[in-house]
Every structure is written in C-alpha cells, then in structure tokens.
file final-v4.pdb (PDB, C-alpha atoms, pLDDT in the B column)
ATOM      1  CA  ASP A1482      84.406 106.147  94.822  1.00 63.00           C
ATOM      2  CA  ALA A1483      81.934 103.422  95.810  1.00 82.00           C
ATOM      3  CA  GLY A1484      81.057 105.093  99.086  1.00 96.00           C
ATOM      4  CA  VAL A1485      80.919 103.394 102.463  1.00 98.00           C
ATOM      5  CA  ILE A1486      80.237  99.695 102.051  1.00 98.00           C
ATOM      6  CA  GLN A1487      78.564  97.634 104.733  1.00 98.00           C
ATOM      7  CA  SER A1488      77.811  93.940 104.889  1.00 98.00           C
ATOM      8  CA  PRO A1489      75.598  92.109 105.319  1.00 98.00           C
ATOM      9  CA  ARG A1490      72.526  94.204 104.442  1.00 98.00           C
ATOM     10  CA  HIS A1491      70.310  91.997 106.564  1.00 98.00           C
ATOM     11  CA  GLU A1492      71.134  89.620 109.391  1.00 98.00           C
ATOM     12  CA  VAL A1493      68.679  87.408 111.201  1.00 98.00           C
ATOM     13  CA  THR A1494      70.037  85.391 114.082  1.00 97.00           C
ATOM     14  CA  GLU A1495      68.946  83.659 117.233  1.00 97.00           C
ATOM     15  CA  MET A1496      69.552  84.974 120.696  1.00 97.00           C
ATOM     16  CA  GLY A1497      72.945  83.934 122.008  1.00 97.00           C
ATOM     17  CA  GLN A1498      74.639  83.806 118.622  1.00 98.00           C
ATOM     18  CA  GLU A1499      77.624  85.904 117.655  1.00 98.00           C
ATOM     19  CA  VAL A1500      77.035  88.614 115.048  1.00 98.00           C
ATOM     20  CA  THR A1501      79.735  90.394 113.048  1.00 98.00           C
ATOM     21  CA  LEU A1502      79.001  93.493 111.016  1.00 98.00           C
ATOM     22  CA  ARG A1503      81.515  94.766 108.493  1.00 98.00           C
ATOM     23  CA  CYS A1504      82.370  98.149 107.069  1.00 98.00           C
ATOM     24  CA  LYS A1505      84.684  99.531 104.417  1.00 98.00           C
ATOM     25  CA  PRO A1506      85.028 103.326 104.706  1.00 98.00           C
ATOM     26  CA  ILE A1507      85.721 105.736 101.898  1.00 97.00           C
ATOM     27  CA  SER A1508      89.386 105.681 100.998  1.00 96.00           C
ATOM     28  CA  GLY A1509      91.309 108.555 102.552  1.00 95.00           C
ATOM     29  CA  HIS A1510      88.778 109.270 105.291  1.00 96.00           C
ATOM     30  CA  ASP A1511      90.408 109.593 108.705  1.00 93.00           C
ATOM     31  CA  TYR A1512      87.318 108.962 110.820  1.00 95.00           C
ATOM     32  CA  LEU A1513      85.022 105.964 111.046  1.00 96.00           C
ATOM     33  CA  PHE A1514      81.849 105.871 113.120  1.00 96.00           C
ATOM     34  CA  TRP A1515      79.422 103.142 114.137  1.00 97.00           C
ATOM     35  CA  TYR A1516      75.841 104.248 114.796  1.00 97.00           C
ATOM     36  CA  ARG A1517      72.759 102.291 115.825  1.00 97.00           C
ATOM     37  CA  GLN A1518      69.254 103.406 114.817  1.00 97.00           C
ATOM     38  CA  THR A1519      66.021 102.383 116.494  1.00 96.00           C
ATOM     39  CA  MET A1520      62.592 103.985 116.533  1.00 92.00           C
ATOM     40  CA  MET A1521      62.765 104.572 120.266  1.00 92.00           C
ATOM     41  CA  ARG A1522      66.287 105.941 120.608  1.00 92.00           C
ATOM     42  CA  GLY A1523      67.014 107.359 117.151  1.00 93.00           C
ATOM     43  CA  LEU A1524      70.606 107.452 115.897  1.00 95.00           C
ATOM     44  CA  GLU A1525      73.061 106.627 118.655  1.00 93.00           C
ATOM     45  CA  LEU A1526      76.831 106.869 118.319  1.00 93.00           C
ATOM     46  CA  LEU A1527      78.394 103.638 119.521  1.00 95.00           C
ATOM     47  CA  ILE A1528      82.099 104.137 118.851  1.00 95.00           C
ATOM     48  CA  TYR A1529      84.410 105.997 116.522  1.00 94.00           C
ATOM     49  CA  PHE A1530      87.948 105.631 115.246  1.00 95.00           C
ATOM     50  CA  ASN A1531      90.508 108.194 114.138  1.00 94.00           C
ATOM     51  CA  ASN A1532      93.274 106.823 111.937  1.00 94.00           C
ATOM     52  CA  ASN A1533      92.273 103.278 112.950  1.00 95.00           C
ATOM     53  CA  VAL A1534      92.541 104.031 116.666  1.00 95.00           C
ATOM     54  CA  PRO A1535      89.392 103.765 118.823  1.00 94.00           C
ATOM     55  CA  ILE A1536      88.845 107.182 120.385  1.00 91.00           C
ATOM     56  CA  ASP A1537      85.529 107.041 122.209  1.00 88.00           C
ATOM     57  CA  ASP A1538      83.552 103.890 122.928  1.00 89.00           C
ATOM     58  CA  SER A1539      81.354 105.394 125.633  1.00 88.00           C
ATOM     59  CA  GLY A1540      78.301 104.718 123.472  1.00 89.00           C
ATOM     60  CA  MET A1541      78.856 100.984 123.358  1.00 92.00           C
ATOM     61  CA  PRO A1542      75.945  99.633 125.378  1.00 86.00           C
ATOM     62  CA  GLU A1543      77.593  96.649 127.040  1.00 87.00           C
ATOM     63  CA  ASP A1544      80.654  94.453 127.074  1.00 92.00           C
ATOM     64  CA  ARG A1545      78.846  92.238 124.603  1.00 96.00           C
ATOM     65  CA  PHE A1546      79.690  94.838 121.967  1.00 97.00           C
ATOM     66  CA  SER A1547      83.182  95.232 120.563  1.00 97.00           C
ATOM     67  CA  ALA A1548      84.634  96.990 117.537  1.00 97.00           C
ATOM     68  CA  LYS A1549      87.929  96.810 115.733  1.00 97.00           C
ATOM     69  CA  MET A1550      89.649  98.603 112.891  1.00 98.00           C
ATOM     70  CA  PRO A1551      92.693  96.551 111.912  1.00 97.00           C
ATOM     71  CA  ASN A1552      93.508  98.812 108.954  1.00 96.00           C
ATOM     72  CA  ALA A1553      92.318 101.956 107.215  1.00 95.00           C
ATOM     73  CA  SER A1554      89.946 100.102 104.907  1.00 96.00           C
ATOM     74  CA  PHE A1555      88.112  97.751 107.247  1.00 97.00           C
ATOM     75  CA  SER A1556      86.194  97.775 110.507  1.00 98.00           C
ATOM     76  CA  THR A1557      84.019  95.273 112.338  1.00 98.00           C
ATOM     77  CA  LEU A1558      81.364  95.557 115.011  1.00 98.00           C
ATOM     78  CA  LYS A1559      80.793  92.352 116.923  1.00 98.00           C
ATOM     79  CA  ILE A1560      77.997  91.407 119.288  1.00 97.00           C
ATOM     80  CA  GLN A1561      78.534  88.308 121.412  1.00 97.00           C
ATOM     81  CA  PRO A1562      76.172  86.996 122.628  1.00 97.00           C
ATOM     82  CA  SER A1563      73.356  88.750 120.791  1.00 97.00           C
ATOM     83  CA  GLU A1564      70.025  89.558 122.450  1.00 97.00           C
ATOM     84  CA  PRO A1565      66.611  90.518 121.002  1.00 97.00           C
ATOM     85  CA  ARG A1566      67.030  94.103 122.251  1.00 96.00           C
ATOM     86  CA  ASP A1567      70.048  94.450 119.935  1.00 97.00           C
ATOM     87  CA  SER A1568      67.674  94.392 116.954  1.00 98.00           C
ATOM     88  CA  ALA A1569      68.227  97.642 115.061  1.00 98.00           C
ATOM     89  CA  VAL A1570      69.791  99.113 111.956  1.00 98.00           C
ATOM     90  CA  TYR A1571      73.538  99.541 112.379  1.00 98.00           C
ATOM     91  CA  PHE A1572      75.189 102.212 110.263  1.00 98.00           C
ATOM     92  CA  CYS A1573      78.822 102.751 109.564  1.00 98.00           C
ATOM     93  CA  ALA A1574      79.897 106.226 108.474  1.00 97.00           C
ATOM     94  CA  SER A1575      83.185 107.836 107.569  1.00 97.00           C
ATOM     95  CA  SER A1576      84.393 111.413 107.318  1.00 95.00           C
ATOM     96  CA  LEU A1577      87.435 113.068 105.850  1.00 94.00           C
ATOM     97  CA  VAL A1578      88.482 115.061 108.898  1.00 88.00           C
ATOM     98  CA  ARG A1579      86.997 116.208 112.182  1.00 82.00           C
ATOM     99  CA  ASP A1580      83.655 118.054 111.803  1.00 82.00           C
ATOM    100  CA  SER A1581      83.398 117.257 108.103  1.00 90.00           C
ATOM    101  CA  PRO A1582      80.190 115.667 106.763  1.00 94.00           C
ATOM    102  CA  LEU A1583      79.484 112.019 107.472  1.00 96.00           C
ATOM    103  CA  HIS A1584      79.077 109.571 104.619  1.00 97.00           C
ATOM    104  CA  PHE A1585      76.857 106.700 105.692  1.00 98.00           C
ATOM    105  CA  GLY A1586      76.756 103.165 104.397  1.00 98.00           C
ATOM    106  CA  ASN A1587      73.465 101.493 103.543  1.00 98.00           C
ATOM    107  CA  GLY A1588      73.315  99.925 106.980  1.00 98.00           C
ATOM    108  CA  THR A1589      72.841  96.412 108.334  1.00 98.00           C
ATOM    109  CA  ARG A1590      69.363  95.537 109.574  1.00 98.00           C
ATOM    110  CA  LEU A1591      69.874  93.135 112.461  1.00 98.00           C
ATOM    111  CA  THR A1592      67.044  91.015 113.808  1.00 98.00           C
ATOM    112  CA  VAL A1593      67.696  88.854 116.865  1.00 98.00           C
ATOM    113  CA  THR A1594      64.951  86.355 117.649  1.00 97.00           C
TER     114      THR A1594
ATOM    115  CA  GLY B  78      75.977 115.303 127.987  1.00 65.00           C
ATOM    116  CA  GLN B  79      74.983 117.356 125.011  1.00 70.00           C
ATOM    117  CA  GLN B  80      71.406 117.020 123.801  1.00 85.00           C
ATOM    118  CA  VAL B  81      69.947 117.962 120.440  1.00 91.00           C
ATOM    119  CA  MET B  82      66.181 118.319 120.367  1.00 94.00           C
ATOM    120  CA  GLN B  83      64.059 118.495 117.241  1.00 96.00           C
ATOM    121  CA  ILE B  84      60.451 119.461 116.770  1.00 96.00           C
ATOM    122  CA  PRO B  85      58.022 118.444 115.545  1.00 97.00           C
ATOM    123  CA  GLN B  86      58.509 114.690 115.582  1.00 96.00           C
ATOM    124  CA  TYR B  87      56.015 114.217 112.730  1.00 96.00           C
ATOM    125  CA  GLN B  88      54.630 116.686 110.216  1.00 97.00           C
ATOM    126  CA  HIS B  89      51.858 115.966 107.758  1.00 97.00           C
ATOM    127  CA  VAL B  90      51.475 118.470 104.926  1.00 97.00           C
ATOM    128  CA  GLN B  91      49.578 118.677 101.692  1.00 97.00           C
ATOM    129  CA  GLU B  92      51.768 118.722  98.625  1.00 96.00           C
ATOM    130  CA  GLY B  93      52.617 122.314  97.840  1.00 97.00           C
ATOM    131  CA  GLU B  94      52.507 123.504 101.457  1.00 97.00           C
ATOM    132  CA  ASP B  95      55.568 124.716 103.305  1.00 98.00           C
ATOM    133  CA  PHE B  96      57.375 122.756 106.013  1.00 97.00           C
ATOM    134  CA  THR B  97      59.687 123.778 108.846  1.00 98.00           C
ATOM    135  CA  THR B  98      61.628 121.736 111.374  1.00 98.00           C
ATOM    136  CA  TYR B  99      63.430 123.207 114.369  1.00 98.00           C
ATOM    137  CA  CYS B 100      66.538 122.066 116.167  1.00 97.00           C
ATOM    138  CA  ASN B 101      67.765 123.152 119.615  1.00 97.00           C
ATOM    139  CA  SER B 102      70.978 122.255 121.375  1.00 94.00           C
ATOM    140  CA  SER B 103      71.655 122.322 125.091  1.00 89.00           C
ATOM    141  CA  THR B 104      75.124 123.726 124.360  1.00 90.00           C
ATOM    142  CA  THR B 105      76.671 126.172 121.911  1.00 92.00           C
ATOM    143  CA  LEU B 106      77.668 124.408 118.706  1.00 92.00           C
ATOM    144  CA  SER B 107      80.754 125.022 116.593  1.00 92.00           C
ATOM    145  CA  ASN B 108      78.702 123.948 113.588  1.00 94.00           C
ATOM    146  CA  ILE B 109      75.478 122.179 112.771  1.00 96.00           C
ATOM    147  CA  GLN B 110      74.768 119.690 110.005  1.00 97.00           C
ATOM    148  CA  TRP B 111      71.511 118.589 108.404  1.00 98.00           C
ATOM    149  CA  TYR B 112      70.792 115.170 106.946  1.00 98.00           C
ATOM    150  CA  LYS B 113      67.880 113.586 105.102  1.00 98.00           C
ATOM    151  CA  GLN B 114      66.922 109.934 105.338  1.00 98.00           C
ATOM    152  CA  ARG B 115      64.451 108.481 102.874  1.00 97.00           C
ATOM    153  CA  PRO B 116      62.263 105.588 104.090  1.00 95.00           C
ATOM    154  CA  GLY B 117      64.409 102.456 104.133  1.00 94.00           C
ATOM    155  CA  GLY B 118      67.518 104.436 103.316  1.00 97.00           C
ATOM    156  CA  HIS B 119      70.498 105.911 105.078  1.00 98.00           C
ATOM    157  CA  PRO B 120      71.126 109.492 106.243  1.00 98.00           C
ATOM    158  CA  VAL B 121      72.471 111.698 103.476  1.00 98.00           C
ATOM    159  CA  PHE B 122      74.292 114.934 104.194  1.00 98.00           C
ATOM    160  CA  LEU B 123      72.496 118.103 103.097  1.00 98.00           C
ATOM    161  CA  ILE B 124      74.433 121.057 104.483  1.00 98.00           C
ATOM    162  CA  GLN B 125      76.718 122.373 107.204  1.00 97.00           C
ATOM    163  CA  LEU B 126      76.322 125.745 108.923  1.00 97.00           C
ATOM    164  CA  VAL B 127      79.227 127.293 110.781  1.00 96.00           C
ATOM    165  CA  LYS B 128      78.705 131.011 111.325  1.00 97.00           C
ATOM    166  CA  SER B 129      76.384 132.689 113.791  1.00 97.00           C
ATOM    167  CA  GLY B 130      73.205 133.834 112.025  1.00 97.00           C
ATOM    168  CA  GLU B 131      74.160 132.029 108.812  1.00 97.00           C
ATOM    169  CA  VAL B 132      71.477 131.386 106.196  1.00 98.00           C
ATOM    170  CA  LYS B 133      71.996 129.029 103.293  1.00 98.00           C
ATOM    171  CA  LYS B 134      69.664 128.015 100.492  1.00 98.00           C
ATOM    172  CA  GLN B 135      69.461 124.945  98.321  1.00 97.00           C
ATOM    173  CA  LYS B 136      66.678 125.422  95.788  1.00 97.00           C
ATOM    174  CA  ARG B 137      63.468 125.167  97.886  1.00 98.00           C
ATOM    175  CA  LEU B 138      65.354 124.443 101.129  1.00 98.00           C
ATOM    176  CA  THR B 139      66.469 127.245 103.476  1.00 98.00           C
ATOM    177  CA  PHE B 140      68.728 126.531 106.433  1.00 98.00           C
ATOM    178  CA  GLN B 141      69.366 128.921 109.334  1.00 98.00           C
ATOM    179  CA  PHE B 142      71.811 128.904 112.213  1.00 98.00           C
ATOM    180  CA  GLY B 143      70.831 130.957 115.243  1.00 97.00           C
ATOM    181  CA  GLU B 144      72.761 133.953 116.489  1.00 96.00           C
ATOM    182  CA  ALA B 145      73.702 132.115 119.679  1.00 95.00           C
ATOM    183  CA  LYS B 146      74.656 129.002 117.693  1.00 95.00           C
ATOM    184  CA  LYS B 147      72.311 126.878 119.794  1.00 95.00           C
ATOM    185  CA  ASN B 148      69.425 126.524 117.394  1.00 96.00           C
ATOM    186  CA  SER B 149      68.790 125.928 113.731  1.00 98.00           C
ATOM    187  CA  SER B 150      65.917 125.483 111.331  1.00 98.00           C
ATOM    188  CA  LEU B 151      65.188 123.932 107.956  1.00 98.00           C
ATOM    189  CA  HIS B 152      62.379 125.355 105.855  1.00 98.00           C
ATOM    190  CA  ILE B 153      61.069 123.746 102.678  1.00 98.00           C
ATOM    191  CA  THR B 154      58.947 125.865 100.362  1.00 98.00           C
ATOM    192  CA  ALA B 155      56.183 124.245  98.319  1.00 98.00           C
ATOM    193  CA  THR B 156      56.825 120.644  99.301  1.00 97.00           C
ATOM    194  CA  GLN B 157      56.935 117.912  96.694  1.00 96.00           C
ATOM    195  CA  THR B 158      56.506 114.161  97.070  1.00 95.00           C
ATOM    196  CA  THR B 159      60.266 113.768  96.653  1.00 96.00           C
ATOM    197  CA  ASP B 160      60.745 115.647  99.946  1.00 97.00           C
ATOM    198  CA  VAL B 161      59.292 112.733 101.921  1.00 97.00           C
ATOM    199  CA  GLY B 162      61.669 111.428 104.567  1.00 98.00           C
ATOM    200  CA  THR B 163      63.162 112.180 107.950  1.00 98.00           C
ATOM    201  CA  TYR B 164      65.235 115.298 108.445  1.00 98.00           C
ATOM    202  CA  PHE B 165      67.917 115.233 111.125  1.00 97.00           C
ATOM    203  CA  CYS B 166      70.049 117.951 112.589  1.00 97.00           C
ATOM    204  CA  ALA B 167      73.352 116.975 114.167  1.00 95.00           C
ATOM    205  CA  GLY B 168      75.993 118.770 116.162  1.00 92.00           C
ATOM    206  CA  PRO B 169      79.453 117.895 117.459  1.00 88.00           C
ATOM    207  CA  GLY B 170      79.341 116.076 120.786  1.00 71.00           C
ATOM    208  CA  GLY B 171      80.868 117.865 123.731  1.00 58.00           C
ATOM    209  CA  GLY B 172      84.580 117.079 123.758  1.00 56.00           C
ATOM    210  CA  ALA B 173      84.205 114.297 121.213  1.00 62.00           C
ATOM    211  CA  ASP B 174      84.400 114.109 117.462  1.00 68.00           C
ATOM    212  CA  GLY B 175      81.247 112.156 116.813  1.00 80.00           C
ATOM    213  CA  LEU B 176      78.011 113.893 115.853  1.00 88.00           C
ATOM    214  CA  THR B 177      75.015 113.897 118.170  1.00 90.00           C
ATOM    215  CA  PHE B 178      71.837 113.558 116.142  1.00 93.00           C
ATOM    216  CA  GLY B 179      68.394 114.865 116.968  1.00 94.00           C
ATOM    217  CA  LYS B 180      65.518 112.392 116.832  1.00 95.00           C
ATOM    218  CA  GLY B 181      64.507 113.798 113.472  1.00 96.00           C
ATOM    219  CA  THR B 182      61.315 115.166 111.955  1.00 97.00           C
ATOM    220  CA  HIS B 183      59.344 112.746 109.804  1.00 97.00           C
ATOM    221  CA  LEU B 184      57.822 114.615 106.855  1.00 98.00           C
ATOM    222  CA  ILE B 185      54.729 112.964 105.398  1.00 97.00           C
ATOM    223  CA  ILE B 186      53.251 114.505 102.259  1.00 95.00           C
ATOM    224  CA  GLN B 187      49.692 113.934 101.141  1.00 88.00           C
ATOM    225  CA  PRO B 188      49.171 114.410  97.405  1.00 81.00           C
TER     226      PRO B 188
END
call {"tool": "encode", "arguments": {"input": "final-v4.pdb", "output": "structure tokens"}}
result
Amino acid sequence: DAGVIQSPRHEVTEMGQEVTLRCKPISGHDYLFWYRQTMMRGLELLIYFNNNVPIDDSGMPEDRFSAKMPNASFSTLKIQPSEPRDSAVYFCASSLVRDSPLHFGNGTRLTVT
Amino acid sequence: GQQVMQIPQYQHVQEGEDFTTYCNSSTTLSNIQWYKQRPGGHPVFLIQLVKSGEVKKQKRLTFQFGEAKKNSSLHITATQTTDVGTYFCAGPGGGADGLTFGKGTHLIIQP
C-alpha cells in the first residue's frame, strides 16, 4: 500500500485566499483524522471521520475551517478565508479501527502571508 | 478535557548516553501509543501499550505503562545519531476516538 497520501506538500498563499488540502487514506481504514502541528501548540486534532461520517469537529478552530469526506478514499480540509495564523503543517492520518495506530501522511506545509 | 503532558521538552545527550522521556495523563488511559517524528518528517507509530504495568522492548527502546495507566515512559539505551527526532506519547481523548498527543520531547544528539 502507498500509505496516506496528502497534497500539496507545500502551499503558499496570501491572506484571504481559499486553501484546499487533500488526503487519500489507506484503503480499508475506517477512521480518518486531520491534525494541525505548530511549534506553539503541538499536534492538535481538528476533526475526524468514521466510515466517511464526521464524528467530532470540536477541534476545528473557526467557521473558516471545513472538512469533507465524500467517499472512503478522499477527504478535503478547506480554509476560507485563510489568515497568517493558519500557517502550520497539516497532517492527515488514518487508522484501521478505533484505538489502532495512526498512519500519517507526509503533511502539507501551509504558509499564509 | 484530557491533557497529556510530556517532559522534558528538549533533551541534549552525547552519543552513547541513555535517554528517557516521561508522559503523564490527567485521566486513566485505556491504552497509550508512542510515535517518533524525524526533523521535517511525519509522526511514525512505534508501539502501543494496553495493560497496567506493561513493559515492551524494541531493541534499544524500552516502553513502560504505569500501574495506574496514567503515566508512561520511553527509555533509549546508548543513543545513536539515528535516534534524533521528537518522541510523542498519545492517548485516546475522553469520549472521542481521536488521539490526544503530548507536546513531545525533542532529542538532540551530539556526536
């Protein structure tokens, strides 16, 4: 298996622009997670899905953030409009079942100027 | 909500010295997981501990889960330059399925 695939690897955008991050989980994994990593706050769970259904989005910082999982092999995290404080590395991870190990993608490094 | 604390935040060691990082949870955990993140990389799963008092070894790495299932440790014997990175512990969030990660311990090795 190719593992969790994220795109793009790097994204540089101007404040106010819309940003879309993409993720393809490992085939057969029931859970998909979006995490954000910054030096100050570490790894923060933003939202997760179970069988394509959003279960807990309490970590999503603001209404500017939204996530979808239209099918078992694809998820998006959208920020609209983006702000400089959104600059971070965004990781997507998937797991087989509840409490099983997370498999992380390579992440998307987002810079908002 | 649940908090997972890790100490120390940074650890500098000479190559060949031992290294230990400690993890404490504000709540009892059903299991605890450890991950390693190399500089510029992504977290990679190392191990999962489930039982109270459990000890597991992976070559030079020894993982422990406390009797009360609220704390854990990772010990590396005779560090090597390949051990450089950040080590995270993570536990299930209260009532949720996502993992709550500690802030990590950054291991810096001086040759």
call {"tool": "interface_residues", "arguments": {"input": "final-v4.pdb", "of": "chain A", "to": "chain B", "cutoff": "12 Å", "atoms": "all atoms listed in the file", "output": "PyMOL selection string"}}
result
chain A and resi 1484-1487+1490+1511-1531+1535-1540+1570-1576+1578-1590
call {"tool": "axis_aligned_box", "arguments": {"input": "final-v4.pdb", "around": "segment 1528-1544 of chain A", "padding_each_side": "4 Å", "output": "JSON"}}
result
{"center_x": 84.6, "center_y": 101.3, "center_z": 119.5, "size_x": 25.3, "size_y": 21.7, "size_z": 23.1}
call {"tool": "closest_residue", "arguments": {"input": "final-v4.pdb", "among": "A:Asn1532, A:Thr1592, A:Thr1501, A:Ser1488", "to": "Asn1552 of chain A", "atoms": "only C-alpha atoms"}}
result
A:Asn1532
call {"tool": "atom_distance", "arguments": {"input": "final-v4.pdb", "atom1": "atom CA of Gln79 of chain B", "atom2": "atom CA of Glu144 of chain B"}}
result
18.8 Å
call {"tool": "residues_around", "arguments": {"input": "final-v4.pdb", "residues": "Asp95 of chain B", "least_positions_apart": "3", "cutoff": "12 Å", "atoms": "only C-alpha atoms", "output": "ChimeraX atom specification"}}
result
/B:88-92,98,137-139,151-157,160,184-186
call {"tool": "resolve_selection", "arguments": {"input": "final-v4.pdb", "expression": "the PyMOL selection byres ((chain A and resi 1549) around 10)", "output": "PyMOL selection string"}}
result
chain A and resi 1503+1528-1530+1533-1535+1547-1548+1550-1552+1555-1559
call {"tool": "atom_distance", "arguments": {"input": "final-v4.pdb", "atom1": "atom CA of Tyr99 of chain B", "atom2": "atom CA of Ile84 of chain B"}}
result
5.4 Å
call {"tool": "closest_residue", "arguments": {"input": "final-v4.pdb", "among": "A:Lys1505, A:Ala1569, A:Glu1543, A:Leu1577", "to": "Glu1492 of chain A", "atoms": "all atoms listed in the file"}}
result
A:Ala1569
call {"tool": "atom_distance", "arguments": {"input": "final-v4.pdb", "atom1": "atom CA of Glu131 of chain B", "atom2": "atom CA of Gln80 of chain B"}}
result
21.4 Å
call {"tool": "residues_around", "arguments": {"input": "final-v4.pdb", "residues": "Ser103 of chain B", "least_positions_apart": "4", "cutoff": "10 Å", "atoms": "all atoms listed in the file", "output": "list in words"}}
result
Gly78, Gln79, Gln80, Val81, Met82, Lys147 and Asn148 of chain B
